[in-house]
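Here the structure is laid out as structure tokens; the discussion comes afterwards.
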Amino acid sequence: MTEQRKNRVRKKIQESRGRLLSTMPFFGLLLMYLKFVAVPGMKKISTNGKCIYFSPDFLEKLYDKEMDYILCHQILHIVCGHIWRDRDLSGDDYHFACDIFLNLILEYYGYDEEKYPHLGYIYRKMSGSIDFHDKTPLEIRDWLPYSLKVFDE
């Protein structure tokens, strides 16, 4: 990665943290304690609780609101303990249920768009009348009408 590109990505992260410090201090403050690590070839973004690993290609194309959303989403994975889970909860189905759970929390904070240009559809419910607002990720996973294992990437 060129020095110029590193500076662009670094600036994008700093600007997002600055916006979040002023608009949502809880998220902004927690972001100050995490290290950001560029991983070329990675699809999107992930966290291990100490670092946020990201694809520079993915981050560069995000609009400001998308950037703020995805960083808050990563913080909530840590805060809610989703990254420290038992082996039987590993896999895409539980992760997708956790994403729905977090999307509902972020909806409360004003991120109520159904779709972002670079993030795609934001799942907060499944078809039907099931309301997930009072459900845990485990309960949400049990309501999923299909297993994500049957789909291609």
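We label chains A, B, ... in the order they appear in the structure tokens, count residues from 1 in each chain, and number ligands from 1 in the order shown.
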Lys12 (chain A) surroundings by only C-alpha atoms, 10 Å radius, close-in-sequence under 6 positions cut, as an NGL selection string: :A and (6 or 18 or 59-60 or 62-64 or 67)
Show which residues sit within 7 Å of Ala38 (chain A), as an mmCIF file with N, CA and C atoms, in the first residue's frame. Count only C-alpha atoms, and ignore same-chain residues fewer than 4 positions away.
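Once everything was written out, this is around-v7.cif:
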```
data_model
loop_
_atom_site.group_PDB
_atom_site.id
_atom_site.type_symbol
_atom_site.label_atom_id
_atom_site.label_comp_id
_atom_site.auth_asym_id
_atom_site.auth_seq_id
_atom_site.Cartn_x
_atom_site.Cartn_y
_atom_site.Cartn_z
ATOM 1 N N TYR A 53 -9.744 -5.195 12.049
ATOM 2 C CA TYR A 53 -9.080 -5.576 10.809
ATOM 3 C C TYR A 53 -9.987 -5.175 9.658
ATOM 4 N N PHE A 54 -9.402 -4.606 8.614
ATOM 5 C CA PHE A 54 -10.241 -4.126 7.528
ATOM 6 C C PHE A 54 -9.537 -4.260 6.190
ATOM 7 N N SER A 55 -10.353 -4.322 5.176
ATOM 8 C CA SER A 55 -9.871 -4.273 3.805
ATOM 9 C C SER A 55 -9.767 -2.803 3.416
ATOM 10 N N PRO A 56 -8.596 -2.344 2.987
ATOM 11 C CA PRO A 56 -8.490 -0.949 2.541
ATOM 12 C C PRO A 56 -9.430 -0.651 1.372
#
```
Please build the interface table for region 15-127 of chain A against region 133-145 of chain A with a cut-off of 8 Å, listing for each qualifying residue the nearest atom pair and the distance in Å to one decimal; count only C-alpha atoms, order rows by chain and increasing number, and write it as a Markdown table.
```
| residue | atom | partner | partner_atom | distance |
| --- | --- | --- | --- | --- |
| A:Asp93 | CA | A:Arg141 | CA | 6.3 |
| A:Tyr94 | CA | A:Arg141 | CA | 5.8 |
| A:Phe96 | CA | A:Arg141 | CA | 7.7 |
| A:Ala97 | CA | A:Arg141 | CA | 5.1 |
| A:Cys98 | CA | A:Pro137 | CA | 5.1 |
| A:Ile100 | CA | A:Pro137 | CA | 7.8 |
| A:Phe101 | CA | A:Pro137 | CA | 6.0 |
| A:Leu104 | CA | A:His133 | CA | 6.8 |
| A:Met126 | CA | A:Leu144 | CA | 7.3 |
```
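Every protein, DNA or RNA residue with an atom at most 10 Å from region 28-30 of chain A, where only C-alpha atoms count and chain neighbours fewer than 2 positions away do not, is listed here: Ser16, Arg17, Gly18, Arg19, Leu20, Leu21, Ser22, Thr23, Met24, Pro25, Phe26, Met32, Tyr33, Leu34, Asp68, Leu71, Cys72, Ile75, Leu76, Ile78 and Val79 of chain A.
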